[in-house]
Structures are given as C-alpha cells and as structure tokens.
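Data first, discussion second: the structure below is written as structure tokens.
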Amino acid sequence: MTVDTYSETQRIVPTGRSQRFTRVEITMFAGRSIEAKRSLYKTIVQNLAALGVPELEIKIVLNEQPLENWGVRGGLPASEIELSFKVDV
C-alpha cells in the first residue's frame, strides 16, 4: 500500500469542498461484485470519518485491471498462476 500526501500548494480541492477533502484511489484485480465494492466504500468512509474526515468529503476511485495486466511472481501474468485468495467475491 502506498499513501501519498500533498501540501496545500500541491493539492487540488474540488470547488465546494473543504481542506479535509480526501481522495482514495485503489488499483486492484478486476472481478469483485458490486456488493463487495459497496462494503469496501462503506468501510473506507467509516474509517476516515473516525479520523475526522467528513463523509461527504471522501471520494473513492477503483481502478480495476484484468489479471493478465498484472506481472507477478517473477514476471508471470496473474491470470496464469494460482492466487491464494478469491477475486470474484
């Protein structure tokens, strides 16, 4: 996981949003159900809200990539290896 933070001079805050505006971008394997995504969104919002980020100041973007677009374990396409977890949940 990588967390990038930006100073106020580097951040772009959308019009009408406060300095607490937080954008979360996740790159992941494609294949999760809408129910799994809803659960993820809700969990992220709850956790950020506990840190003082207003719920309406949170934007979440999922970048879903097909398994063949991931080179893993020595350069193999993820679509050609046995993963130790389920993607289609």
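Lettering and numbering for the structure tokens are positional, with chains as A, B, ... in the shown order, residues counted from 1 in each chain, and ligands counted from 1 in the shown order.
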- request: Please run DSSP on the backbone and report, as a list of chain:residue names, all residues within chain A that come out as strand (DSSP E or B).
  value: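 After running DSSP on the backbone, chain A has strand (DSSP E or B) at A:Thr22, A:Arg23, A:Val24, A:Glu25, A:Ile26, A:Thr27, A:Met28, A:Phe29, A:Ile58, A:Lys59, A:Ile60, A:Val61, A:Leu62, A:Asn63, A:Glu64, A:Gln65, A:Gly71, A:Val72, A:Leu76, A:Pro77.
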message: So that I can see what lies close to Asp4 (chain A), please list as a list in words the residues with an atom at most 12 Å from it, counting only C-alpha atoms and leaving out residues fewer than 5 positions away in the same chain.
response: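 My reading of the contact set: Gln10, Arg11, Thr22, Arg23, Val24 and Glu25 of chain A.
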Please dump the current selection as an mmCIF file, in the first residue's frame; keep N, CA, C and O atoms.
```cif
data_model
loop_
_atom_site.group_PDB
_atom_site.id
_atom_site.type_symbol
_atom_site.label_atom_id
_atom_site.label_comp_id
_atom_site.auth_asym_id
_atom_site.auth_seq_id
_atom_site.Cartn_x
_atom_site.Cartn_y
_atom_site.Cartn_z
ATOM 1 N N GLN A 10 0.086 21.931 -3.370
ATOM 2 C CA GLN A 10 0.103 20.890 -4.396
ATOM 3 C C GLN A 10 -1.256 20.223 -4.589
ATOM 4 O O GLN A 10 -1.465 19.545 -5.572
ATOM 5 N N ARG A 11 -2.139 20.374 -3.653
ATOM 6 C CA ARG A 11 -3.442 19.701 -3.692
ATOM 7 C C ARG A 11 -4.421 20.442 -4.586
ATOM 8 O O ARG A 11 -4.419 21.655 -4.666
ATOM 9 N N THR A 22 -10.687 14.265 0.848
ATOM 10 C CA THR A 22 -9.750 13.153 0.720
ATOM 11 C C THR A 22 -10.163 12.275 -0.451
ATOM 12 O O THR A 22 -11.312 11.842 -0.533
ATOM 13 N N ARG A 23 -9.206 12.014 -1.348
ATOM 14 C CA ARG A 23 -9.458 11.118 -2.483
ATOM 15 C C ARG A 23 -8.664 9.840 -2.247
ATOM 16 O O ARG A 23 -7.472 9.877 -1.956
ATOM 17 N N VAL A 24 -9.352 8.714 -2.385
ATOM 18 C CA VAL A 24 -8.730 7.405 -2.224
ATOM 19 C C VAL A 24 -8.774 6.720 -3.585
ATOM 20 O O VAL A 24 -9.838 6.593 -4.178
ATOM 21 N N GLU A 25 -7.620 6.313 -4.085
ATOM 22 C CA GLU A 25 -7.544 5.577 -5.352
ATOM 23 C C GLU A 25 -6.954 4.207 -5.081
ATOM 24 O O GLU A 25 -5.912 4.104 -4.442
#
```
- request: Give the helix (DSSP H, G or I) residues of chain A, as DSSP finds them on the backbone, and put them as a count of residues only.
  value: 26
field: Of the listed residues A:Arg32, A:Gly75, A:Glu57, A:Phe85, that which approaches Pro14 (chain A) most closely, counting only C-alpha atoms
entry: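 Of A:Arg32, A:Gly75, A:Glu57, A:Phe85, the one nearest Pro14 (chain A) is A:Glu57, counting only C-alpha atoms.
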message: With distances taken over only C-alpha atoms, which residue among A:Val3, A:Val13, A:Ile26, A:Val45 lies nearest Gln65 (chain A)?
response: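 Residue with the minimum atom-to-atom distance to Gln65 (chain A): A:Ile26.
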